[in-house]
Amino acid sequence: MNLTVAEIASKLGLPFEGDGTAVVRGLASVREAEAGEISFIANPRYAADAAATRATVLLVSKDWNKPSSAAALIRVDDPDKAFALVGQWFAPPPPAWPVGVHPTAVVAPDAQIGRDVVIGPQCVIEPGVVIGDRSVLVAQCYLGHGVTIGCDTKLYPQVSLRERVQIGDRCILHNGTVVGSDGFGYSVDARGVRTKIPQLGIVVIGNDVEIGANVTIDRARFGKTRIGNGVKIDNLVQIAHNVVIGEHAVLVAQVGVAGSAEIGHHAIIAGQVGVAGHIVVGPGAVIGAQAGVHKDVPARAMLIGSPAVPREEFARMTVHWTKLGDMKQRIIALEKRLEALTPKSTSP
Amino acid sequence: MNLTVAEIASKLGLPFEGDGTAVVRGLASVREAEAGEISFIANPRYAADAAATRATVLLVSKDWNKPSSAAALIRVDDPDKAFALVGQWFAPPPPAWPVGVHPTAVVAPDAQIGRDVVIGPQCVIEPGVVIGDRSVLVAQCYLGHGVTIGCDTKLYPQVSLRERVQIGDRCILHNGTVVGSDGFGYSVDARGVRTKIPQLGIVVIGNDVEIGANVTIDRARFGKTRIGNGVKIDNLVQIAHNVVIGEHAVLVAQVGVAGSAEIGHHAIIAGQVGVAGHIVVGPGAVIGAQAGVHKDVPARAMLIGSPAVPREEFARMTVHWTKLGDMKQRIIALEKRLEALTPKSTSP
Amino acid sequence: MNLTVAEIASKLGLPFEGDGTAVVRGLASVREAEAGEISFIANPRYAADAAATRATVLLVSKDWNKPSSAAALIRVDDPDKAFALVGQWFAPPPPAWPVGVHPTAVVAPDAQIGRDVVIGPQCVIEPGVVIGDRSVLVAQCYLGHGVTIGCDTKLYPQVSLRERVQIGDRCILHNGTVVGSDGFGYSVDARGVRTKIPQLGIVVIGNDVEIGANVTIDRARFGKTRIGNGVKIDNLVQIAHNVVIGEHAVLVAQVGVAGSAEIGHHAIIAGQVGVAGHIVVGPGAVIGAQAGVHKDVPARAMLIGSPAVPREEFARMTVHWTKLGDMKQRIIALEKRLEALTPKSTSP
């Protein structure tokens, strides 16, 4: 799609500064943009790049006052948000897949398939599956016995849902993600030999949940591993059996949540965090990257470190760490000065 | 399946307390249970929940003396173990797959397939593969050239075994797991350009091994990456080339073991631990979550931290960390007091 | 293949010591080798094993002077490199796949397939895909709309490339890897509810890149996530949207790189490291295992720890950590001695 700067500003209902006739054909980051592309400055970190950009037009904040090499500017309340909108005018249309069951898919005769559903090539649908209207299985997905999927949910290729998993409406599951694999549970005998404890439960995922690529979510030992409405899970996250993730919580990439832990609603768990088993993380808590959570976390607490401590305490600790050599030197100096002050005793 | 409390107790060979006629139709955790469900209390952490449970009957320990809102109790030696048994009476039967080769599977003519084997839809079996009796490939699995699988082994969908991988009897591999990918080995020239070192070896997995979902186990550079009998590996674990995992060792989710490391038999490696290359972790050692193991670990040692240290030392260190501010204040106070005590010298 | 010790030495253009008529049929590590196998000693750590090896012949360094139980020795400049060469004489030939499109593959009519390409069983090729000469898709791969792949690139089974991803020449992608999944980006409203920000960009991967198994690389929010020429990425690595990885950089297993971070050319990021969003890691920097990088890293710096600090500083810190108890005792002793020295004031 081609639009002039003036047309873009008009669609946004905003004025522009500079050359309104310049034509925009695409979008890019401020550093990568070429002539004919629109970009934006949201993070002050990149402000200096505005002076050297080859972009034709920049979306900037209302109070922007830095130099820019772009042919035009459009001032907006929130450049990040405005760019997300404008970006869709220039992006190629997202891929679409033909409605219906691809002839290479293997679908159990008793599966209940809603209206306008896509079941792409080489999907496998076991007996007892129910799929809601307009849901899309792009290709090569596996749906085990008795799986249910709501409406308008999208499964990218090679998503694997084990038996009796339940997924709500408007969810997105990215490639290679596994839901409902067995929990990691064994009894152990006196010789240290482990016997598998049957994992009889399921996984229940609410509505509007997005799950990244190559994520693993284990079924409950009994009952349900539960992922609440609106939860967002990034790539390569591990959710163990019987975990409960509250509504609108966020789990960033490579997080691991051990068995029966509970993550409160609206909590944010940053990348590579580990949460121990049976722990309760309170609603709205924020856990910093790579933290190790071994104790219950109060609501809205902000923790970091392994073992995790309140953020301010961690900041103090890490400052102290860098000064331990200095502390030791001061102790040695004190010992010497005190030695010099102390009356010498004559040895016997 | 429906059973009365009296019938459950009778099958366990134990007495019951309360209403023996109450009917049980399913099972759940003590917090999630509804009327008509059986639950149990094994972890004292959940004892308080017994007073408020809606479960019809609880399995409790012999010396249980807390209040319970359940209609009946059954006292058992080990509530956890008893529940695992009872759970199987109420769980839906696990899915079964029809014996034989699905017409959509692509199987090399020379593959040797044992008796009563399941080769599900869209599996790919390359030349030279050998599969033992009663093994199951649920769907969409890939078995490379010359792979051998023992008897009674189950591969969930989308398991991928590269050429010449060997797997024993009674193993379980969960969805998306990759065994036999190339090890990460390169030679590097003076310009920092890397050339791939051929990874010529294989992976050999013993009997009774369970491997979680989306795990990666690399083939040896030469010789064998070896996983011993009875080893249990959780989801998203990484095992590099030439690693040796001893019998009955346990690797929890997201552990990474670098090249040529050896994990002793019966060792337990908790979640997100990293073990450096060429390290030997002794038999029965226990490595705490998120630890970083950079040195050999003696048998039965218990380590934690990054870098990993003995557990008691880590506990002391983390206590000290929180008191570093206090230590610094005490040093400053000492310096001031000593200053006050020290005779002033007249400057020259 | 069978070769005598004399034949092996001759092919290497080097003399041998010991029994030149001994026959070699295979290769193994020095500990695992049996009679009839060749092995090598490169790492001094394994030197002691030479005295007990059952190998028929060992490749050793020119100045080797330790006892060996092998029937013969060949002295070489670089045993590791020589063994890589010799290994290929004895390894079974790597698997090969028949050129052409397997009848079970689903290939869009407009796909442009180069010469001598392999498209294995059950691959799915969406419209607009371009594949260069001699590239191999082993089996069960998914190539989304408009994906382009260069020449001589190999995709192992179950690799998934989302729409418009671009991959260069001579790349290797291992099983289960996902390229082009949506970046993890949301806007959040006052109630803490997240709305997906469209991820409109792509992923561009250069030439000679190798990517391990079950890796995830997200597409850019707009523009490009870029992986430079010669980059090597190990298993289970996470690369977020808009990340840029410079040429010949190395990312070891389970590394996570957050959104818009830049990794400089020739940088080495060891296992389980986390790099925060928008961080710049300078060219040639080396980040130690499990580090957490929260600030920009200068070129060629060597960092470790979480938060990451220069390697020498980390070494000092960890030494101090183990002596905190001692420091505290010395402070207490100083306080006592000072107390004894201080004149007692009479209380009022």
# chains A, B, ... in the order shown; residues from 1 in each chain; ligands from 1

$ select_by_dssp --residues "segment 47-163 of chain C" --states "strand (DSSP E)" --output "VMD selection string"
chain C and resid 57 to 61 72 to 76 100 to 101 106 to 107 112 to 113 118 to 119 124 to 125 130 to 131 136 to 137 142 to 143 148 to 149 154 to 155 160 to 161

$ write_last_selection --atoms "N, CA and C atoms" --output "JSON list (two decimals), in the first residue's frame"
[["chain", "number", "residue", "atom", "x", "y", "z"],
["C", 57, "VAL", "N", 44.87, -47.99, 18.83],
["C", 57, "VAL", "CA", 45.81, -46.92, 18.52],
["C", 57, "VAL", "C", 45.28, -45.59, 19.03],
["C", 58, "LEU", "N", 46.20, -44.75, 19.50],
["C", 58, "LEU", "CA", 45.83, -43.43, 20.00],
["C", 58, "LEU", "C", 46.51, -42.35, 19.17],
["C", 59, "LEU", "N", 45.76, -41.30, 18.87],
["C", 59, "LEU", "CA", 46.36, -40.07, 18.36],
["C", 59, "LEU", "C", 46.75, -39.22, 19.56],
["C", 60, "VAL", "N", 48.03, -38.83, 19.64],
["C", 60, "VAL", "CA", 48.50, -38.04, 20.77],
["C", 60, "VAL", "C", 49.30, -36.85, 20.26],
["C", 61, "SER", "N", 49.60, -35.93, 21.16],
["C", 61, "SER", "CA", 50.36, -34.75, 20.75],
["C", 61, "SER", "C", 51.83, -35.13, 20.52],
["C", 72, "ALA", "N", 49.51, -49.06, 19.52],
["C", 72, "ALA", "CA", 50.25, -48.12, 18.68],
["C", 72, "ALA", "C", 49.90, -46.69, 19.02],
["C", 73, "LEU", "N", 50.80, -45.78, 18.66],
["C", 73, "LEU", "CA", 50.58, -44.34, 18.82],
["C", 73, "LEU", "C", 50.86, -43.65, 17.49],
["C", 74, "ILE", "N", 50.13, -42.59, 17.20],
["C", 74, "ILE", "CA", 50.49, -41.71, 16.10],
["C", 74, "ILE", "C", 50.56, -40.30, 16.68],
["C", 75, "ARG", "N", 51.70, -39.66, 16.52],
["C", 75, "ARG", "CA", 51.87, -38.31, 17.06],
["C", 75, "ARG", "C", 51.43, -37.28, 16.02],
["C", 76, "VAL", "N", 50.59, -36.34, 16.43],
["C", 76, "VAL", "CA", 50.04, -35.34, 15.50],
["C", 76, "VAL", "C", 50.14, -33.96, 16.14],
["C", 100, "GLY", "N", 13.75, -34.85, -4.87],
["C", 100, "GLY", "CA", 12.38, -34.77, -5.39],
["C", 100, "GLY", "C", 11.37, -34.53, -4.29],
["C", 101, "VAL", "N", 10.13, -34.41, -4.69],
["C", 101, "VAL", "CA", 9.04, -34.13, -3.75],
["C", 101, "VAL", "C", 8.35, -35.44, -3.41],
["C", 106, "VAL", "N", 2.76, -31.76, 0.85],
["C", 106, "VAL", "CA", 1.70, -30.89, 0.33],
["C", 106, "VAL", "C", 2.38, -29.60, -0.11],
["C", 107, "VAL", "N", 2.50, -29.39, -1.41],
["C", 107, "VAL", "CA", 3.29, -28.27, -1.94],
["C", 107, "VAL", "C", 2.39, -27.37, -2.77],
["C", 112, "GLN", "N", 8.40, -22.20, -5.85],
["C", 112, "GLN", "CA", 9.54, -22.30, -6.77],
["C", 112, "GLN", "C", 10.61, -23.17, -6.13],
["C", 113, "ILE", "N", 10.78, -24.35, -6.67],
["C", 113, "ILE", "CA", 11.69, -25.33, -6.08],
["C", 113, "ILE", "C", 12.91, -25.44, -6.98],
["C", 118, "VAL", "N", 15.40, -31.80, -2.01],
["C", 118, "VAL", "CA", 14.65, -32.88, -1.36],
["C", 118, "VAL", "C", 13.50, -32.25, -0.57],
["C", 119, "ILE", "N", 12.29, -32.65, -0.85],
["C", 119, "ILE", "CA", 11.14, -32.29, -0.01],
["C", 119, "ILE", "C", 10.55, -33.60, 0.47],
["C", 124, "VAL", "N", 4.88, -29.51, 4.47],
["C", 124, "VAL", "CA", 3.83, -28.62, 3.99],
["C", 124, "VAL", "C", 4.49, -27.34, 3.50],
["C", 125, "ILE", "N", 4.27, -27.02, 2.23],
["C", 125, "ILE", "CA", 4.87, -25.84, 1.60],
["C", 125, "ILE", "C", 3.74, -24.92, 1.16],
["C", 130, "VAL", "N", 10.01, -20.10, -1.92],
["C", 130, "VAL", "CA", 11.12, -20.26, -2.86],
["C", 130, "VAL", "C", 12.21, -21.08, -2.17],
["C", 131, "ILE", "N", 12.66, -22.15, -2.79],
["C", 131, "ILE", "CA", 13.71, -23.01, -2.20],
["C", 131, "ILE", "C", 14.85, -23.15, -3.20],
["C", 136, "VAL", "N", 17.58, -29.36, 1.41],
["C", 136, "VAL", "CA", 16.94, -30.60, 1.85],
["C", 136, "VAL", "C", 15.96, -30.30, 2.98],
["C", 137, "LEU", "N", 14.72, -30.70, 2.81],
["C", 137, "LEU", "CA", 13.74, -30.70, 3.90],
["C", 137, "LEU", "C", 13.48, -32.17, 4.21],
["C", 142, "TYR", "N", 7.38, -27.46, 7.98],
["C", 142, "TYR", "CA", 6.34, -26.51, 7.58],
["C", 142, "TYR", "C", 7.00, -25.23, 7.11],
["C", 143, "LEU", "N", 6.70, -24.83, 5.87],
["C", 143, "LEU", "CA", 7.20, -23.54, 5.35],
["C", 143, "LEU", "C", 6.01, -22.65, 5.03],
["C", 148, "THR", "N", 11.51, -17.93, 2.03],
["C", 148, "THR", "CA", 12.56, -18.20, 1.05],
["C", 148, "THR", "C", 13.74, -18.87, 1.74],
["C", 149, "ILE", "N", 14.27, -19.89, 1.08],
["C", 149, "ILE", "CA", 15.43, -20.63, 1.57],
["C", 149, "ILE", "C", 16.47, -20.65, 0.46],
["C", 154, "LYS", "N", 19.85, -27.25, 4.93],
["C", 154, "LYS", "CA", 19.19, -28.48, 5.37],
["C", 154, "LYS", "C", 18.28, -28.23, 6.57],
["C", 155, "LEU", "N", 17.04, -28.67, 6.43],
["C", 155, "LEU", "CA", 16.08, -28.59, 7.52],
["C", 155, "LEU", "C", 15.76, -30.01, 7.99],
["C", 160, "SER", "N", 9.86, -25.60, 11.60],
["C", 160, "SER", "CA", 8.67, -24.81, 11.28],
["C", 160, "SER", "C", 9.10, -23.38, 10.98],
["C", 161, "LEU", "N", 8.86, -22.92, 9.78],
["C", 161, "LEU", "CA", 9.22, -21.55, 9.39],
["C", 161, "LEU", "C", 7.95, -20.79, 9.08]]

$ residues_around --residues "Gln238 of chain A" --least-positions-apart "2" --cutoff "9 Å" --atoms "only C-alpha atoms" --output "PDB file with all heavy atoms, in the first residue's frame"
ATOM      1  N   VAL A 215       6.531 -24.280  24.031  1.00  0.00           N
ATOM      2  CA  VAL A 215       6.175 -24.272  25.458  1.00  0.00           C
ATOM      3  C   VAL A 215       5.724 -25.676  25.857  1.00  0.00           C
ATOM      4  O   VAL A 215       5.248 -26.448  25.018  1.00  0.00           O
ATOM      5  CB  VAL A 215       5.035 -23.251  25.690  1.00  0.00           C
ATOM      6  CG1 VAL A 215       4.402 -23.395  27.077  1.00  0.00           C
ATOM      7  CG2 VAL A 215       5.547 -21.829  25.464  1.00  0.00           C
ATOM      8  N   THR A 216       5.883 -25.995  27.149  1.00  0.00           N
ATOM      9  CA  THR A 216       5.376 -27.275  27.663  1.00  0.00           C
ATOM     10  C   THR A 216       4.504 -27.023  28.890  1.00  0.00           C
ATOM     11  O   THR A 216       4.923 -26.347  29.827  1.00  0.00           O
ATOM     12  CB  THR A 216       6.533 -28.219  28.056  1.00  0.00           C
ATOM     13  OG1 THR A 216       7.367 -27.568  29.017  1.00  0.00           O
ATOM     14  CG2 THR A 216       7.382 -28.590  26.853  1.00  0.00           C
ATOM     15  N   ILE A 217       3.306 -27.579  28.868  1.00  0.00           N
ATOM     16  CA  ILE A 217       2.375 -27.454  29.998  1.00  0.00           C
ATOM     17  C   ILE A 217       1.889 -28.852  30.344  1.00  0.00           C
ATOM     18  O   ILE A 217       1.222 -29.502  29.544  1.00  0.00           O
ATOM     19  CB  ILE A 217       1.179 -26.542  29.644  1.00  0.00           C
ATOM     20  CG1 ILE A 217       1.685 -25.169  29.182  1.00  0.00           C
ATOM     21  CG2 ILE A 217       0.224 -26.414  30.837  1.00  0.00           C
ATOM     22  CD1 ILE A 217       0.585 -24.189  28.797  1.00  0.00           C
ATOM     23  N   ASP A 218       2.235 -29.296  31.546  1.00  0.00           N
ATOM     24  CA  ASP A 218       1.911 -30.673  31.930  1.00  0.00           C
ATOM     25  C   ASP A 218       0.493 -30.787  32.475  1.00  0.00           C
ATOM     26  O   ASP A 218      -0.007 -29.886  33.164  1.00  0.00           O
ATOM     27  CB  ASP A 218       2.885 -31.160  33.015  1.00  0.00           C
ATOM     28  CG  ASP A 218       4.215 -31.613  32.439  1.00  0.00           C
ATOM     29  OD1 ASP A 218       4.357 -31.693  31.206  1.00  0.00           O
ATOM     30  OD2 ASP A 218       5.121 -31.885  33.252  1.00  0.00           O
ATOM     31  N   LEU A 236       9.168 -21.284  25.169  1.00  0.00           N
ATOM     32  CA  LEU A 236      10.022 -22.181  25.945  1.00  0.00           C
ATOM     33  C   LEU A 236       9.767 -22.128  27.449  1.00  0.00           C
ATOM     34  O   LEU A 236      10.653 -22.396  28.259  1.00  0.00           O
ATOM     35  CB  LEU A 236      11.510 -21.887  25.661  1.00  0.00           C
ATOM     36  CG  LEU A 236      11.989 -22.258  24.254  1.00  0.00           C
ATOM     37  CD1 LEU A 236      13.403 -21.723  24.015  1.00  0.00           C
ATOM     38  CD2 LEU A 236      11.990 -23.771  24.037  1.00  0.00           C
ATOM     39  N   ALA A 240       4.497 -26.944  35.215  1.00  0.00           N
ATOM     40  CA  ALA A 240       4.411 -28.316  35.712  1.00  0.00           C
ATOM     41  C   ALA A 240       2.976 -28.683  36.094  1.00  0.00           C
ATOM     42  O   ALA A 240       2.061 -27.853  36.022  1.00  0.00           O
ATOM     43  CB  ALA A 240       5.344 -28.484  36.900  1.00  0.00           C
ATOM     44  N   GLN A 254      11.223 -18.808  28.835  1.00  0.00           N
ATOM     45  CA  GLN A 254      12.084 -19.718  29.580  1.00  0.00           C
ATOM     46  C   GLN A 254      11.815 -19.755  31.073  1.00  0.00           C
ATOM     47  O   GLN A 254      12.613 -20.276  31.847  1.00  0.00           O
ATOM     48  CB  GLN A 254      13.568 -19.413  29.296  1.00  0.00           C
ATOM     49  CG  GLN A 254      13.920 -19.645  27.823  1.00  0.00           C
ATOM     50  CD  GLN A 254      15.344 -19.258  27.484  1.00  0.00           C
ATOM     51  OE1 GLN A 254      15.810 -18.221  27.910  1.00  0.00           O
ATOM     52  NE2 GLN A 254      16.015 -20.077  26.688  1.00  0.00           N
ATOM     53  N   VAL A 255      10.679 -19.217  31.506  1.00  0.00           N
ATOM     54  CA  VAL A 255      10.279 -19.366  32.905  1.00  0.00           C
ATOM     55  C   VAL A 255       9.937 -20.827  33.167  1.00  0.00           C
ATOM     56  O   VAL A 255       9.430 -21.526  32.289  1.00  0.00           O
ATOM     57  CB  VAL A 255       9.061 -18.462  33.203  1.00  0.00           C
ATOM     58  CG1 VAL A 255       8.325 -18.893  34.466  1.00  0.00           C
ATOM     59  CG2 VAL A 255       9.504 -17.010  33.315  1.00  0.00           C
ATOM     60  N   GLY A 256      10.223 -21.267  34.406  1.00  0.00           N
ATOM     61  CA  GLY A 256       9.812 -22.598  34.834  1.00  0.00           C
ATOM     62  C   GLY A 256       8.995 -22.501  36.108  1.00  0.00           C
ATOM     63  O   GLY A 256       9.441 -21.881  37.080  1.00  0.00           O
ATOM     64  N   VAL A 257       7.817 -23.094  36.116  1.00  0.00           N
ATOM     65  CA  VAL A 257       6.961 -23.089  37.307  1.00  0.00           C
ATOM     66  C   VAL A 257       6.768 -24.527  37.741  1.00  0.00           C
ATOM     67  O   VAL A 257       6.222 -25.346  36.996  1.00  0.00           O
ATOM     68  CB  VAL A 257       5.601 -22.421  37.011  1.00  0.00           C
ATOM     69  CG1 VAL A 257       4.757 -22.363  38.282  1.00  0.00           C
ATOM     70  CG2 VAL A 257       5.781 -21.027  36.412  1.00  0.00           C
ATOM     71  N   ALA A 258       7.224 -24.833  38.963  1.00  0.00           N
ATOM     72  CA  ALA A 258       7.202 -26.224  39.439  1.00  0.00           C
ATOM     73  C   ALA A 258       5.811 -26.611  39.943  1.00  0.00           C
ATOM     74  O   ALA A 258       4.929 -25.768  40.119  1.00  0.00           O
ATOM     75  CB  ALA A 258       8.259 -26.417  40.515  1.00  0.00           C
TER      76      ALA A 258
ATOM     77  N   ASN B 235      10.667 -31.901  31.261  1.00  0.00           N
ATOM     78  CA  ASN B 235      10.517 -31.122  30.025  1.00  0.00           C
ATOM     79  C   ASN B 235      11.666 -30.136  29.800  1.00  0.00           C
ATOM     80  O   ASN B 235      12.252 -29.603  30.737  1.00  0.00           O
ATOM     81  CB  ASN B 235       9.225 -30.295  30.073  1.00  0.00           C
ATOM     82  CG  ASN B 235       7.981 -31.148  30.218  1.00  0.00           C
ATOM     83  OD1 ASN B 235       7.985 -32.330  29.904  1.00  0.00           O
ATOM     84  ND2 ASN B 235       6.903 -30.546  30.694  1.00  0.00           N
ATOM     85  N   LEU B 236      11.944 -29.868  28.531  1.00  0.00           N
ATOM     86  CA  LEU B 236      12.832 -28.783  28.103  1.00  0.00           C
ATOM     87  C   LEU B 236      14.252 -28.903  28.651  1.00  0.00           C
ATOM     88  O   LEU B 236      14.955 -27.908  28.813  1.00  0.00           O
ATOM     89  CB  LEU B 236      12.239 -27.415  28.488  1.00  0.00           C
ATOM     90  CG  LEU B 236      10.967 -27.015  27.719  1.00  0.00           C
ATOM     91  CD1 LEU B 236      10.333 -25.776  28.358  1.00  0.00           C
ATOM     92  CD2 LEU B 236      11.272 -26.729  26.259  1.00  0.00           C
ATOM     93  N   ALA B 253      13.029 -30.110  35.109  1.00  0.00           N
ATOM     94  CA  ALA B 253      12.805 -29.279  33.911  1.00  0.00           C
ATOM     95  C   ALA B 253      13.877 -28.210  33.705  1.00  0.00           C
ATOM     96  O   ALA B 253      14.361 -27.597  34.638  1.00  0.00           O
ATOM     97  CB  ALA B 253      11.439 -28.609  33.992  1.00  0.00           C
ATOM     98  N   GLN B 254      14.215 -28.008  32.423  1.00  0.00           N
ATOM     99  CA  GLN B 254      15.062 -26.909  31.979  1.00  0.00           C
ATOM    100  C   GLN B 254      16.512 -27.018  32.436  1.00  0.00           C
ATOM    101  O   GLN B 254      17.278 -26.066  32.340  1.00  0.00           O
ATOM    102  CB  GLN B 254      14.455 -25.553  32.387  1.00  0.00           C
ATOM    103  CG  GLN B 254      13.103 -25.311  31.719  1.00  0.00           C
ATOM    104  CD  GLN B 254      12.440 -24.029  32.158  1.00  0.00           C
ATOM    105  OE1 GLN B 254      12.419 -23.724  33.338  1.00  0.00           O
ATOM    106  NE2 GLN B 254      11.880 -23.287  31.219  1.00  0.00           N
TER     107      GLN B 254
END

$ residues_around --residues "Ile279 of chain B" --least-positions-apart "6" --cutoff "10 Å" --atoms "only C-alpha atoms" --output "PyMOL selection string"
chain B and resi 243+257-263+293-297

$ select_by_dssp --residues "segment 12-187 of chain A" --states "helix (DSSP H, G or I)" --output "list in words"
Leu12, Pro44, Arg45, Tyr46, Ala47, Ala48, Asp49, Ala50, Ala51, Ala52, Pro79, Asp80, Lys81, Ala82, Phe83, Ala84, Leu85, Val86, Gly87, Gln88, Trp89 and Phe90 of chain A

$ closest_residue --among "C:Asp152, C:Asp234, C:Asp80, C:Glu339" --to "chain B" --atoms "only C-alpha atoms"
C:Asp234

$ atom_distance --atom1 "atom CA of Val159 of chain B" --atom2 "atom CA of Asn214 of chain A"
12.9 Å

$ closest_residue --among "A:Gly223, A:Pro310, A:Gly264, A:Leu3" --to "Glu34 of chain B" --atoms "only C-alpha atoms"
A:Gly223

$ residues_around --residues "Ile304 of chain B" --least-positions-apart "6" --cutoff "6 Å" --atoms "only C-alpha atoms" --output "JSON list (two decimals) with C-alpha atoms, in the first residue's frame"
[["chain", "number", "residue", "atom", "x", "y", "z"],
["B", 287, "ILE", "CA", 22.00, -30.23, 43.04],
["B", 288, "GLY", "CA", 19.53, -27.50, 44.04],
["B", 291, "ALA", "CA", 22.67, -24.00, 40.56],
["B", 311, "ARG", "CA", 24.03, -26.36, 50.77]]

$ decode --residues "segment 117-122 of chain C" --atoms "all heavy atoms" --output "short mmCIF file (atom, residue, chain, number, x, y, z; two decimals), in the first residue's frame"
data_model
loop_
_atom_site.label_atom_id
_atom_site.label_comp_id
_atom_site.auth_asym_id
_atom_site.auth_seq_id
_atom_site.Cartn_x
_atom_site.Cartn_y
_atom_site.Cartn_z
N VAL C 117 16.49 -30.57 -5.23
CA VAL C 117 15.97 -30.32 -3.88
C VAL C 117 15.28 -31.58 -3.35
O VAL C 117 14.69 -32.34 -4.12
CB VAL C 117 14.99 -29.13 -3.91
CG1 VAL C 117 14.14 -29.05 -2.65
CG2 VAL C 117 15.77 -27.83 -4.12
N VAL C 118 15.40 -31.80 -2.01
CA VAL C 118 14.65 -32.88 -1.36
C VAL C 118 13.50 -32.25 -0.57
O VAL C 118 13.74 -31.40 0.30
CB VAL C 118 15.56 -33.66 -0.38
CG1 VAL C 118 14.73 -34.67 0.42
CG2 VAL C 118 16.70 -34.32 -1.11
N ILE C 119 12.29 -32.65 -0.85
CA ILE C 119 11.14 -32.29 -0.01
C ILE C 119 10.55 -33.60 0.47
O ILE C 119 9.85 -34.30 -0.25
CB ILE C 119 10.13 -31.44 -0.77
CG1 ILE C 119 10.82 -30.13 -1.21
CG2 ILE C 119 8.91 -31.14 0.10
CD1 ILE C 119 9.92 -29.14 -1.88
N GLY C 120 10.88 -33.92 1.73
CA GLY C 120 10.59 -35.25 2.27
C GLY C 120 9.13 -35.43 2.63
O GLY C 120 8.30 -34.54 2.44
N PRO C 121 8.85 -36.61 3.18
CA PRO C 121 7.47 -36.96 3.49
C PRO C 121 6.79 -35.96 4.41
O PRO C 121 7.40 -35.47 5.37
CB PRO C 121 7.58 -38.33 4.18
CG PRO C 121 8.99 -38.74 4.11
CD PRO C 121 9.79 -37.70 3.45
N GLN C 122 5.52 -35.68 4.09
CA GLN C 122 4.65 -34.90 4.98
C GLN C 122 5.12 -33.48 5.25
O GLN C 122 4.76 -32.88 6.27
CB GLN C 122 4.40 -35.68 6.27
CG GLN C 122 3.51 -36.87 5.96
CD GLN C 122 3.78 -38.07 6.79
OE1 GLN C 122 4.67 -38.08 7.62
NE2 GLN C 122 3.02 -39.10 6.54
#
